[in-house]
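Raw target.txt, compact mmCIF, C-alpha atoms:
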```txt
# COMPACT_ATOMS: atom_id res chain seq x y z
CA MET T 166 -42.41 36.76 -36.93
CA ALA T 167 -39.51 38.63 -35.47
CA ASP T 168 -40.98 38.14 -32.00
CA GLY T 169 -41.41 34.46 -32.59
CA SER T 170 -37.77 33.96 -33.51
CA GLN T 171 -36.55 35.99 -30.56
CA GLN T 172 -38.52 34.16 -27.92
CA PRO T 173 -36.55 30.88 -27.91
CA MET T 174 -33.35 32.87 -27.57
CA GLN T 175 -34.72 34.63 -24.50
CA ILE T 176 -35.82 31.35 -22.98
CA MET T 177 -32.40 29.90 -23.56
CA GLU T 178 -30.77 32.87 -21.95
CA THR T 179 -32.86 32.65 -18.81
CA LYS T 180 -32.22 28.94 -18.67
CA THR T 181 -28.46 29.31 -18.78
CA ARG T 182 -28.24 32.47 -16.69
CA PHE T 183 -25.97 31.83 -13.74
CA ASP T 184 -27.36 32.43 -10.28
CA VAL T 185 -24.55 32.80 -7.78
CA THR T 186 -26.87 32.32 -4.79
CA VAL T 187 -28.08 29.00 -6.18
CA ALA T 188 -24.51 27.96 -6.97
CA ILE T 189 -23.34 28.74 -3.45
CA GLU T 190 -26.33 26.88 -2.01
CA LYS T 191 -25.48 23.84 -4.16
CA TRP T 192 -21.88 24.04 -3.03
CA ARG T 193 -23.02 24.28 0.59
CA LEU T 194 -25.13 21.13 0.25
CA GLU T 195 -22.23 19.32 -1.37
CA VAL T 196 -19.89 20.32 1.45
CA ALA T 197 -22.51 19.35 4.04
CA ALA T 198 -22.63 15.85 2.52
CA GLN T 199 -18.90 15.33 3.11
CA PRO T 200 -17.77 13.40 6.14
CA GLY T 201 -15.34 14.96 8.57
CA LEU T 202 -16.59 18.54 8.34
CA THR T 203 -18.42 19.99 11.32
CA SER T 204 -21.14 22.60 10.80
CA ASP T 205 -18.72 25.19 12.16
CA ASN T 206 -16.14 24.14 9.54
CA GLN T 207 -18.79 24.35 6.83
CA HIS T 208 -19.92 27.79 7.92
CA GLU T 209 -16.34 29.03 8.00
CA LEU T 210 -15.65 27.70 4.51
CA GLU T 211 -18.85 29.25 3.22
CA THR T 212 -17.90 32.71 4.52
CA HIS T 213 -14.54 32.20 2.85
CA LEU T 214 -16.13 31.27 -0.48
CA ARG T 215 -18.44 34.28 -0.37
CA GLU T 216 -15.53 36.56 0.45
CA SER T 217 -13.60 35.15 -2.47
CA VAL T 218 -16.55 35.53 -4.88
CA ASP T 219 -16.97 39.16 -3.83
CA GLU T 220 -13.32 39.89 -4.44
CA PHE T 221 -13.47 38.55 -8.01
CA ARG T 222 -16.66 40.51 -8.66
CA LYS T 223 -14.92 43.68 -7.50
CA ARG T 224 -12.20 42.99 -10.01
CA GLY T 225 -14.84 43.11 -12.72
CA LEU T 226 -15.51 39.43 -13.38
CA ASN T 227 -19.09 38.28 -13.88
CA ASP T 228 -20.96 36.13 -11.35
CA GLU T 229 -20.20 32.83 -13.04
CA GLU T 230 -16.49 33.47 -13.47
CA SER T 231 -16.24 34.76 -9.92
CA PHE T 232 -17.96 31.70 -8.51
CA TRP T 233 -15.89 29.13 -10.38
CA LEU T 234 -12.61 30.90 -9.61
CA ALA T 235 -13.54 31.09 -5.94
CA TYR T 236 -14.65 27.45 -6.03
CA ARG T 237 -11.30 26.45 -7.47
CA ARG T 238 -9.43 28.39 -4.86
CA VAL T 239 -11.31 26.96 -1.92
CA GLY T 240 -10.83 23.50 -3.37
CA PRO T 241 -13.20 20.67 -4.31
CA PRO T 242 -15.45 19.53 -1.40
CA HIS T 243 -14.07 15.97 -1.24
CA GLN T 244 -10.53 17.34 -1.02
CA LEU T 245 -11.59 19.77 1.70
CA SER T 246 -13.08 16.91 3.65
CA GLU T 247 -9.85 14.93 3.31
CA GLU T 248 -7.66 17.85 4.34
CA PHE T 249 -9.86 18.61 7.32
CA SER T 250 -10.19 15.06 8.54
CA ALA T 251 -6.47 14.33 8.06
CA ALA T 252 -5.89 16.73 10.94
CA ASP T 253 -8.77 15.29 12.99
CA PRO T 254 -7.63 13.23 16.02
CA ARG T 255 -10.63 10.90 15.67
CA ARG T 256 -9.52 9.96 12.18
CA ILE T 257 -5.91 9.54 13.29
CA TRP T 258 -6.98 7.13 16.04
CA ARG T 259 -9.31 5.31 13.69
CA GLU T 260 -6.39 4.75 11.37
CA ARG T 261 -4.19 3.53 14.20
CA ALA T 262 -6.92 1.11 15.31
CA PHE T 263 -7.18 -0.08 11.70
CA TRP T 264 -3.47 -0.91 11.49
CA LEU T 265 -3.60 -2.55 14.88
CA ALA T 266 -6.50 -4.80 13.81
CA LEU T 267 -4.81 -5.50 10.48
CA GLY T 268 -1.57 -6.41 12.27
CA TYR T 269 -3.46 -8.75 14.58
CA PHE T 270 -5.19 -10.43 11.64
CA ALA T 271 -1.99 -10.75 9.57
CA PHE T 272 -0.24 -12.19 12.61
CA GLN T 273 -2.99 -14.78 13.20
CA TRP T 274 -3.19 -15.58 9.51
CA LEU T 275 0.54 -16.18 9.14
CA GLY T 276 0.45 -18.25 12.33
CA LEU T 277 -2.30 -20.39 10.82
CA LEU T 278 -0.27 -20.88 7.66
CA CYS T 279 2.90 -21.78 9.56
CA ARG T 280 1.02 -24.23 11.78
CA LEU T 281 -0.47 -25.90 8.73
CA VAL T 282 2.87 -26.18 6.95
CA LEU T 283 4.57 -27.60 10.04
CA ARG T 284 1.79 -30.11 10.63
CA SER T 285 1.90 -31.25 7.01
CA VAL T 286 5.63 -31.77 7.24
CA LEU T 287 5.23 -33.80 10.43
CA LEU T 288 2.44 -35.87 8.87
CA LEU T 289 4.75 -36.83 6.03
CA ILE T 290 7.07 -38.53 8.47
CA PRO T 291 6.06 -42.18 8.80
CA ASP T 292 4.92 -43.49 12.17
CA TRP T 293 7.74 -45.98 12.68
CA VAL T 294 10.27 -43.11 12.79
CA GLY T 295 8.80 -42.22 16.18
CA VAL T 296 9.74 -45.58 17.55
CA TYR T 297 13.44 -45.08 16.77
CA ALA T 298 13.54 -41.33 17.32
CA PRO T 299 15.05 -39.96 20.54
CA LEU T 300 12.67 -39.19 23.36
CA TRP T 301 12.84 -35.37 23.06
CA TRP T 302 11.88 -35.59 19.40
CA SER T 303 8.86 -37.80 19.93
CA SER T 304 7.66 -35.61 22.78
CA ILE T 305 7.72 -32.60 20.44
CA TRP T 306 6.06 -34.65 17.78
CA MET T 307 3.29 -35.86 20.02
CA SER T 308 2.55 -32.44 21.45
CA THR T 309 2.49 -30.64 18.11
CA GLY T 310 -0.20 -27.99 18.18
CA THR T 311 -0.79 -28.19 21.90
CA SER T 312 2.50 -27.40 23.62
CA ALA T 313 3.32 -23.85 24.71
CA ALA T 314 6.76 -24.06 23.10
CA PHE T 315 5.22 -24.96 19.77
CA SER T 316 2.67 -22.10 19.94
CA LEU T 317 5.44 -19.68 20.79
CA ALA T 318 7.59 -20.85 17.88
CA VAL T 319 4.62 -20.52 15.52
CA SER T 320 3.82 -17.03 16.84
CA VAL T 321 7.36 -15.87 16.24
CA LEU T 322 7.61 -17.33 12.74
CA PRO T 323 5.54 -14.60 11.01
CA PHE T 324 7.82 -11.94 12.48
CA VAL T 325 10.92 -13.80 11.36
CA PHE T 326 9.40 -14.19 7.92
CA LEU T 327 8.57 -10.45 7.64
CA LEU T 328 11.97 -9.43 9.01
CA LEU T 329 13.68 -11.69 6.48
CA LEU T 330 11.73 -10.08 3.66
CA VAL T 331 12.61 -6.58 4.87
CA ALA T 332 16.26 -7.52 5.45
CA ARG T 333 16.51 -8.87 1.93
CA GLY T 334 15.29 -5.57 0.56
CA ARG T 335 11.79 -6.81 -0.30
CA GLY T 336 10.01 -3.97 1.50
CA GLU T 337 8.51 -2.88 -1.79
CA THR T 338 6.99 -6.33 -2.33
CA ILE T 339 5.24 -6.13 1.02
CA ASP T 340 4.07 -2.62 0.19
CA PHE T 341 2.77 -3.72 -3.20
CA ALA T 342 0.94 -6.72 -1.73
CA ALA T 343 -0.66 -4.56 0.95
CA ARG T 344 -1.73 -1.98 -1.65
CA CYS T 345 -3.31 -4.66 -3.87
CA LEU T 346 -5.14 -6.19 -0.93
CA LEU T 347 -6.34 -2.91 0.55
CA ARG T 348 -7.59 -1.34 -2.68
CA SER T 349 -11.20 -1.99 -1.76
CA ARG T 350 -13.20 -3.20 1.19
CA ARG T 351 -14.87 -5.94 -0.86
CA ARG T 352 -11.54 -7.33 -2.03
CA LEU T 353 -10.13 -7.43 1.49
CA ILE T 354 -13.17 -9.26 2.86
CA LEU T 355 -13.27 -11.71 -0.04
CA VAL T 356 -9.57 -12.57 -0.02
CA GLY T 357 -9.44 -12.66 3.79
CA THR T 358 -12.51 -14.86 4.24
CA VAL T 359 -11.65 -17.30 1.47
CA SER T 360 -8.05 -17.71 2.60
CA VAL T 361 -9.05 -18.20 6.23
CA LEU T 362 -11.68 -20.80 5.33
CA VAL T 363 -9.28 -22.67 3.04
CA LEU T 364 -6.46 -22.63 5.59
CA ASN T 365 -8.80 -23.66 8.39
CA TRP T 366 -10.25 -26.45 6.27
CA LEU T 367 -6.79 -27.78 5.42
CA THR T 368 -5.75 -27.62 9.06
CA PHE T 369 -8.94 -29.44 9.98
CA MET T 370 -8.23 -32.13 7.40
CA SER T 371 -4.71 -32.54 8.66
CA LEU T 372 -5.89 -33.27 12.19
CA ARG T 373 -6.49 -36.91 12.72
CA GLY T 374 -9.56 -37.89 14.60
CA SER T 375 -11.54 -34.67 14.13
CA THR T 376 -15.20 -35.02 13.26
CA GLY T 377 -17.82 -32.94 11.53
CA PHE T 378 -17.65 -30.01 9.16
CA ALA T 379 -20.10 -27.99 11.28
CA LEU T 380 -17.70 -28.22 14.17
CA PHE T 381 -15.01 -26.79 11.95
CA LEU T 382 -17.19 -23.83 10.91
CA ALA T 383 -18.41 -23.14 14.42
CA GLY T 384 -14.93 -23.57 15.83
CA ASP T 385 -13.42 -20.55 17.47
CA SER T 386 -10.62 -20.59 14.89
CA THR T 387 -13.06 -19.12 12.36
CA ILE T 388 -14.24 -16.53 14.86
CA HIS T 389 -10.63 -15.67 15.65
CA TYR T 390 -10.02 -14.66 12.06
CA LEU T 391 -13.36 -13.54 10.69
CA VAL T 392 -14.29 -11.18 13.52
CA PRO T 393 -11.01 -9.20 13.27
CA LEU T 394 -11.52 -9.15 9.50
CA ALA T 395 -14.95 -7.54 9.92
CA VAL T 396 -13.44 -4.96 12.29
CA ILE T 397 -10.70 -4.17 9.76
CA ALA T 398 -13.21 -3.74 6.95
CA TRP T 399 -15.29 -1.45 9.14
CA LEU T 400 -12.29 0.73 10.14
CA MET T 401 -10.79 0.78 6.65
CA PRO T 402 -10.25 4.36 5.41
CA ILE T 403 -12.18 4.91 2.19
CA GLN T 404 -11.13 7.37 -0.50
CA ALA T 405 -13.83 9.90 -1.36
CA LYS T 406 -14.90 9.99 -4.97
CA PRO T 407 -14.80 13.30 -6.88
CA SER T 408 -18.20 14.86 -7.41
CA PRO T 409 -19.63 15.70 -10.87
CA ALA T 410 -19.19 19.45 -10.24
CA GLU T 411 -15.43 19.00 -10.08
CA ALA T 412 -15.34 17.34 -13.46
CA VAL T 413 -16.78 20.59 -14.81
CA THR T 414 -14.13 22.76 -13.18
CA ASN T 415 -11.31 20.45 -14.13
CA SER T 416 -12.27 20.34 -17.80
CA MET H 47 12.52 19.90 -12.08
CA TYR H 48 11.66 22.44 -9.41
CA LYS H 49 10.06 25.65 -10.41
CA THR H 50 12.23 28.39 -8.99
CA SER H 51 9.32 30.76 -8.52
CA MET H 52 7.24 28.57 -6.22
CA ILE H 53 8.17 27.33 -2.74
CA ALA H 54 8.32 23.55 -2.33
CA LYS H 55 5.28 21.92 -0.70
CA ASP H 56 7.16 20.65 2.36
CA LEU H 57 8.57 24.07 3.05
CA VAL H 58 5.15 25.70 2.64
CA ALA H 59 3.71 23.24 5.18
CA ALA H 60 6.59 23.71 7.63
CA SER H 61 6.46 27.50 7.46
CA SER H 62 2.69 27.72 7.92
CA LYS H 63 2.90 27.68 11.72
CA PRO H 64 5.37 30.60 12.17
CA LEU H 65 3.62 32.55 9.42
CA VAL H 66 0.17 32.22 10.97
CA LEU H 67 1.44 32.96 14.47
CA SER H 68 3.38 36.01 13.26
CA ILE H 69 0.41 37.39 11.33
CA LEU H 70 -1.82 36.96 14.38
CA ALA H 71 0.83 38.62 16.56
CA ASP H 72 -0.03 41.81 14.64
CA GLY H 73 -3.67 41.49 15.65
CA GLU H 74 -6.67 39.22 15.12
CA SER H 75 -7.50 38.09 11.64
CA TYR H 76 -9.67 35.60 9.67
CA GLY H 77 -8.83 32.87 7.18
CA TYR H 78 -9.39 34.80 4.00
CA GLU H 79 -7.31 37.75 5.18
CA ILE H 80 -4.47 35.52 6.37
CA ILE H 81 -4.19 33.88 2.95
CA GLN H 82 -4.22 37.26 1.21
CA LYS H 83 -1.55 38.53 3.55
CA VAL H 84 0.74 35.55 2.95
CA ARG H 85 0.30 35.90 -0.80
CA GLU H 86 1.13 39.60 -0.55
CA LEU H 87 4.14 39.11 1.75
CA SER H 88 5.69 36.45 -0.47
CA GLY H 89 4.97 38.30 -3.70
CA GLY H 90 2.70 35.44 -4.73
CA GLN H 91 5.41 32.80 -4.27
CA ILE H 92 3.75 31.13 -1.31
CA GLU H 93 0.36 30.01 -2.54
CA TRP H 94 -1.74 28.49 0.23
CA SER H 95 -4.75 26.56 -0.87
CA ASP H 96 -7.72 27.72 1.13
CA GLY H 97 -8.52 24.19 2.19
CA MET H 98 -5.03 23.80 3.64
CA LEU H 99 -5.12 26.81 5.91
CA TYR H 100 -8.17 25.90 7.99
CA PRO H 101 -6.89 22.55 9.24
CA VAL H 102 -3.68 24.38 10.24
CA LEU H 103 -5.68 27.03 12.10
CA HIS H 104 -7.82 24.39 13.82
CA ARG H 105 -4.75 22.40 14.87
CA LEU H 106 -3.11 25.51 16.32
CA GLU H 107 -6.35 26.22 18.16
CA ARG H 108 -6.52 22.67 19.54
CA ASP H 109 -2.92 23.04 20.72
CA GLY H 110 -3.96 26.17 22.58
CA LEU H 111 -1.73 28.51 20.57
CA ILE H 112 -4.57 30.58 19.12
CA ASP H 113 -8.17 31.40 20.04
CA SER H 114 -11.15 31.83 17.76
CA GLN H 115 -14.42 33.71 17.91
CA TRP H 116 -17.29 34.33 15.50
CA LYS H 117 -17.81 38.07 15.04
CA LYS H 118 -19.69 40.40 12.74
CA SER H 119 -17.57 42.78 10.69
CA GLU H 120 -18.56 46.43 10.17
CA ALA H 121 -20.07 45.48 6.82
CA GLY H 122 -22.31 43.00 8.66
CA ARG H 123 -20.43 39.94 7.44
CA GLU H 124 -19.97 37.14 9.92
CA ARG H 125 -16.44 35.80 10.20
CA LYS H 126 -14.44 33.55 12.45
CA TYR H 127 -11.63 35.66 13.86
CA TYR H 128 -8.45 34.12 15.20
CA SER H 129 -6.15 35.70 17.77
CA LEU H 130 -2.86 34.75 19.37
CA ALA H 131 -3.11 33.06 22.79
CA SER H 132 -0.43 33.58 25.43
CA GLU H 133 0.89 30.07 24.77
CA GLY H 134 1.13 31.01 21.09
CA GLN H 135 3.23 34.00 21.99
CA LYS H 136 5.80 31.74 23.66
CA THR H 137 5.77 29.30 20.75
CA LEU H 138 6.29 32.15 18.32
CA ILE H 139 9.46 33.25 20.15
CA ALA H 140 10.81 29.69 19.99
CA GLU H 141 9.85 29.32 16.32
CA ARG H 142 11.53 32.63 15.52
CA GLN H 143 14.77 31.44 17.12
CA GLN H 144 14.72 28.22 15.15
CA TRP H 145 13.95 29.78 11.81
CA LEU H 146 16.60 32.47 12.28
CA THR H 147 19.17 29.82 13.17
CA VAL H 148 18.41 28.00 9.93
CA HIS H 149 18.38 31.28 8.05
CA ASN H 150 21.70 32.45 9.45
CA SER H 151 23.37 29.11 8.82
CA LEU H 152 22.41 29.34 5.17
CA CYS H 153 23.44 33.00 5.03
CA LYS H 154 26.89 32.13 6.31
CA LEU H 155 27.26 29.50 3.62
CA TRP H 156 26.04 31.84 0.94
CA LYS H 157 28.07 34.76 2.35
CA LEU H 158 25.02 36.95 2.85
CA LYS H 159 24.29 39.43 5.60
CA LEU H 160 23.20 37.82 8.89
CA VAL H 161 20.06 38.74 10.83
CA SER H 162 20.44 39.54 14.52
CA MET H 163 18.54 37.03 16.66
```

Could you render the structure as structure tokens?
Amino acid sequence: MADGSQQPMQIMETKTRFDVTVAIEKWRLEVAAQPGLTSDNQHELETHLRESVDEFRKRGLNDEESFWLAYRRVGPPHQLSEEFSAADPRRIWRERAFWLALGYFAFQWLGLLCRLVLRSVLLLIPDWVGVYAPLWWSSIWMSTGTSAAFSLAVSVLPFVFLLLLVARGRGETIDFAARCLLRSRRRLILVGTVSVLVLNWLTFMSLRGSTGFALFLAGDSTIHYLVPLAVIAWLMPIQAKPSPAEAVTNS
Amino acid sequence: MYKTSMIAKDLVAASSKPLVLSILADGESYGYEIIQKVRELSGGQIEWSDGMLYPVLHRLERDGLIDSQWKKSEAGRERKYYSLASEGQKTLIAERQQWLTVHNSLCKLWKLKLVSM
């Protein structure tokens, strides 16, 4: 009877016994799964972890305590990956390319918006005004959307708009809007695509004499906005999620 | 507010370069030992996270200031040893000048003894 009651205890003990070799192997696999760490980096970190575990053991701690203390000191794998890749030139250039693509898209997008607003305003003016208007005015009016001067003015407008916001101390608003938009890849694609399609559709509607919805979709205006958007989403830096093992150490 | 016992994060980051270069000027060393040494030198007030040191070491290596080599220790443990390159030697002299200038400026303000440069 005594044996029978002891056996489950023994089983439990072997089940919960901590194996430092297994723990280090698990850690190694977790680190290997992180982006931005070369095999040389991983090997170096592993020697560091082992060294740290040995030091705690020498101080008289048991295997489990030694491992978790060393783990804590080395830092959680996702954080390691972030710290390593923050110093990686590839990542730095990827980020620069991301901002470049985002700037291009924002520039095009604001241009689209400005063009639409200007066109709508011009459409509101009745036709007969043109008859009485001075020649320079009607020439601008007629060439709206095609003249180089008009394109230039539209291209500059987004900059003026952004500068005005910054000058009026609304830098935080821009920052907040960017943060909201860039929280996830899905959100950026959704908001970007929908807004481009809506703006393009409205522009299309505002043009007199245009025909066919298919033409509008296949038009290079869509390609101009949606292709950069795809590039942005692809380059977008993604935050690594903490692994389950860290939840254990943090608790 | 600030804890008086610990060095601010920015200062820890800024001082990592002269500290690493100076430690390696005394001879080659590896990551774990460098961290221990810094902890010892600062009386535990400069606490480098292990994950922070390696990117610093790799950046210094990319900049040609230090060299690295995998070696086996006497106990048979494999480690990546770092040593000061000749370019690092020059940088260390410049860094030393700059840090002592800052140090001496503060010392003058606080009416403490100056360090000869």

Sorted by chain and rising residue number, which residues of chain T lie within 12 Å of chain H, and what are their closest atom pairs and distances in Å to one decimal, counting all atoms listed in the file, as JSON lines?
```
{"residue": "T:Gly201", "atom": "CA", "partner": "H:Pro101", "partner_atom": "CA", "distance": 11.4}
{"residue": "T:Leu202", "atom": "CA", "partner": "H:Pro101", "partner_atom": "CA", "distance": 10.5}
{"residue": "T:Thr203", "atom": "CA", "partner": "H:His104", "partner_atom": "CA", "distance": 11.7}
{"residue": "T:Asp205", "atom": "CA", "partner": "H:Lys126", "partner_atom": "CA", "distance": 9.4}
{"residue": "T:Asn206", "atom": "CA", "partner": "H:Tyr100", "partner_atom": "CA", "distance": 8.3}
{"residue": "T:Gln207", "atom": "CA", "partner": "H:Tyr100", "partner_atom": "CA", "distance": 10.8}
{"residue": "T:His208", "atom": "CA", "partner": "H:Arg125", "partner_atom": "CA", "distance": 9.0}
{"residue": "T:Glu209", "atom": "CA", "partner": "H:Lys126", "partner_atom": "CA", "distance": 6.6}
{"residue": "T:Leu210", "atom": "CA", "partner": "H:Gly97", "partner_atom": "CA", "distance": 8.3}
{"residue": "T:Glu211", "atom": "CA", "partner": "H:Arg125", "partner_atom": "CA", "distance": 9.9}
{"residue": "T:Thr212", "atom": "CA", "partner": "H:Arg125", "partner_atom": "CA", "distance": 6.6}
{"residue": "T:His213", "atom": "CA", "partner": "H:Tyr78", "partner_atom": "CA", "distance": 5.9}
{"residue": "T:Leu214", "atom": "CA", "partner": "H:Tyr78", "partner_atom": "CA", "distance": 8.8}
{"residue": "T:Arg215", "atom": "CA", "partner": "H:Arg123", "partner_atom": "CA", "distance": 9.8}
{"residue": "T:Glu216", "atom": "CA", "partner": "H:Tyr78", "partner_atom": "CA", "distance": 7.3}
{"residue": "T:Ser217", "atom": "CA", "partner": "H:Tyr78", "partner_atom": "CA", "distance": 7.7}
{"residue": "T:Val218", "atom": "CA", "partner": "H:Tyr78", "partner_atom": "CA", "distance": 11.4}
{"residue": "T:Asp219", "atom": "CA", "partner": "H:Tyr78", "partner_atom": "CA", "distance": 11.7}
{"residue": "T:Glu220", "atom": "CA", "partner": "H:Tyr78", "partner_atom": "CA", "distance": 10.6}
{"residue": "T:Ala235", "atom": "CA", "partner": "H:Asp96", "partner_atom": "CA", "distance": 9.8}
{"residue": "T:Tyr236", "atom": "CA", "partner": "H:Asp96", "partner_atom": "CA", "distance": 10.0}
{"residue": "T:Arg237", "atom": "CA", "partner": "H:Ser95", "partner_atom": "CA", "distance": 9.3}
{"residue": "T:Arg238", "atom": "CA", "partner": "H:Asp96", "partner_atom": "CA", "distance": 6.3}
{"residue": "T:Val239", "atom": "CA", "partner": "H:Asp96", "partner_atom": "CA", "distance": 4.8}
{"residue": "T:Gly240", "atom": "CA", "partner": "H:Gly97", "partner_atom": "CA", "distance": 6.1}
{"residue": "T:Pro241", "atom": "CA", "partner": "H:Gly97", "partner_atom": "CA", "distance": 8.7}
{"residue": "T:Pro242", "atom": "CA", "partner": "H:Gly97", "partner_atom": "CA", "distance": 9.1}
{"residue": "T:His243", "atom": "CA", "partner": "H:Gly97", "partner_atom": "CA", "distance": 10.5}
{"residue": "T:Gln244", "atom": "CA", "partner": "H:Gly97", "partner_atom": "CA", "distance": 7.8}
{"residue": "T:Leu245", "atom": "CA", "partner": "H:Gly97", "partner_atom": "CA", "distance": 5.4}
{"residue": "T:Ser246", "atom": "CA", "partner": "H:Gly97", "partner_atom": "CA", "distance": 8.7}
{"residue": "T:Glu247", "atom": "CA", "partner": "H:Gly97", "partner_atom": "CA", "distance": 9.4}
{"residue": "T:Glu248", "atom": "CA", "partner": "H:Met98", "partner_atom": "CA", "distance": 6.5}
{"residue": "T:Phe249", "atom": "CA", "partner": "H:Pro101", "partner_atom": "CA", "distance": 5.3}
{"residue": "T:Ser250", "atom": "CA", "partner": "H:Pro101", "partner_atom": "CA", "distance": 8.2}
{"residue": "T:Ala251", "atom": "CA", "partner": "H:Pro101", "partner_atom": "CA", "distance": 8.3}
{"residue": "T:Ala252", "atom": "CA", "partner": "H:Pro101", "partner_atom": "CA", "distance": 6.1}
{"residue": "T:Asp253", "atom": "CA", "partner": "H:Arg105", "partner_atom": "CA", "distance": 8.4}
{"residue": "T:Pro254", "atom": "CA", "partner": "H:Arg105", "partner_atom": "CA", "distance": 9.7}
```

Residues just named, written with C-alpha atoms as a CSV table (one decimal), keeping the file's coordinate frame:
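Printed below is part.csv as written:
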```csv
chain,number,residue,atom,x,y,z
T,201,GLY,CA,-15.3,15.0,8.6
T,202,LEU,CA,-16.6,18.5,8.3
T,203,THR,CA,-18.4,20.0,11.3
T,205,ASP,CA,-18.7,25.2,12.2
T,206,ASN,CA,-16.1,24.1,9.5
T,207,GLN,CA,-18.8,24.4,6.8
T,208,HIS,CA,-19.9,27.8,7.9
T,209,GLU,CA,-16.3,29.0,8.0
T,210,LEU,CA,-15.6,27.7,4.5
T,211,GLU,CA,-18.8,29.2,3.2
T,212,THR,CA,-17.9,32.7,4.5
T,213,HIS,CA,-14.5,32.2,2.8
T,214,LEU,CA,-16.1,31.3,-0.5
T,215,ARG,CA,-18.4,34.3,-0.4
T,216,GLU,CA,-15.5,36.6,0.4
T,217,SER,CA,-13.6,35.2,-2.5
T,218,VAL,CA,-16.6,35.5,-4.9
T,219,ASP,CA,-17.0,39.2,-3.8
T,220,GLU,CA,-13.3,39.9,-4.4
T,235,ALA,CA,-13.5,31.1,-5.9
T,236,TYR,CA,-14.6,27.4,-6.0
T,237,ARG,CA,-11.3,26.4,-7.5
T,238,ARG,CA,-9.4,28.4,-4.9
T,239,VAL,CA,-11.3,27.0,-1.9
T,240,GLY,CA,-10.8,23.5,-3.4
T,241,PRO,CA,-13.2,20.7,-4.3
T,242,PRO,CA,-15.4,19.5,-1.4
T,243,HIS,CA,-14.1,16.0,-1.2
T,244,GLN,CA,-10.5,17.3,-1.0
T,245,LEU,CA,-11.6,19.8,1.7
T,246,SER,CA,-13.1,16.9,3.6
T,247,GLU,CA,-9.8,14.9,3.3
T,248,GLU,CA,-7.7,17.8,4.3
T,249,PHE,CA,-9.9,18.6,7.3
T,250,SER,CA,-10.2,15.1,8.5
T,251,ALA,CA,-6.5,14.3,8.1
T,252,ALA,CA,-5.9,16.7,10.9
T,253,ASP,CA,-8.8,15.3,13.0
T,254,PRO,CA,-7.6,13.2,16.0
```

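Taking CA of Trp264 in chain T as the reference point, CA of Leu317 in chain T is found at 22.8 Å.
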
Non-local contacts of Val66 in chain H (10 Å; all atoms listed in the file; under 5 positions in same chain excluded) as a PyMOL selection string
chain H and resi 61+71+75+77+80-81+83-84+99+102-103+106+112+128-130+138

By how many Å are CA of Trp366 in chain T and CA of Leu278 in chain T apart?
11.5 Å

For His149 in chain H, please output as a VMD selection string all residues within 12 Å (counting all atoms listed in the file; exclusion window: fewer than 6 positions along the same chain).
chain H and resid 142 to 143 155 to 163

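Between CA of Trp399 in chain T and CA of Val196 in chain T lies a distance of 23.5 Å.
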
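Nearest to Asp184 in chain T of all the residues T:Thr368, T:Thr338, T:Ser231, T:Ser349 is T:Ser231, counting only C-alpha atoms.
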
Which protein, DNA or RNA residues have an atom at most 10 Å from (-12.3, -10.7, 12.3), counting all atoms listed in the file? List them as a PyMOL selection string.
chain T and resi 266-267+269-270+354+357-358+387-398
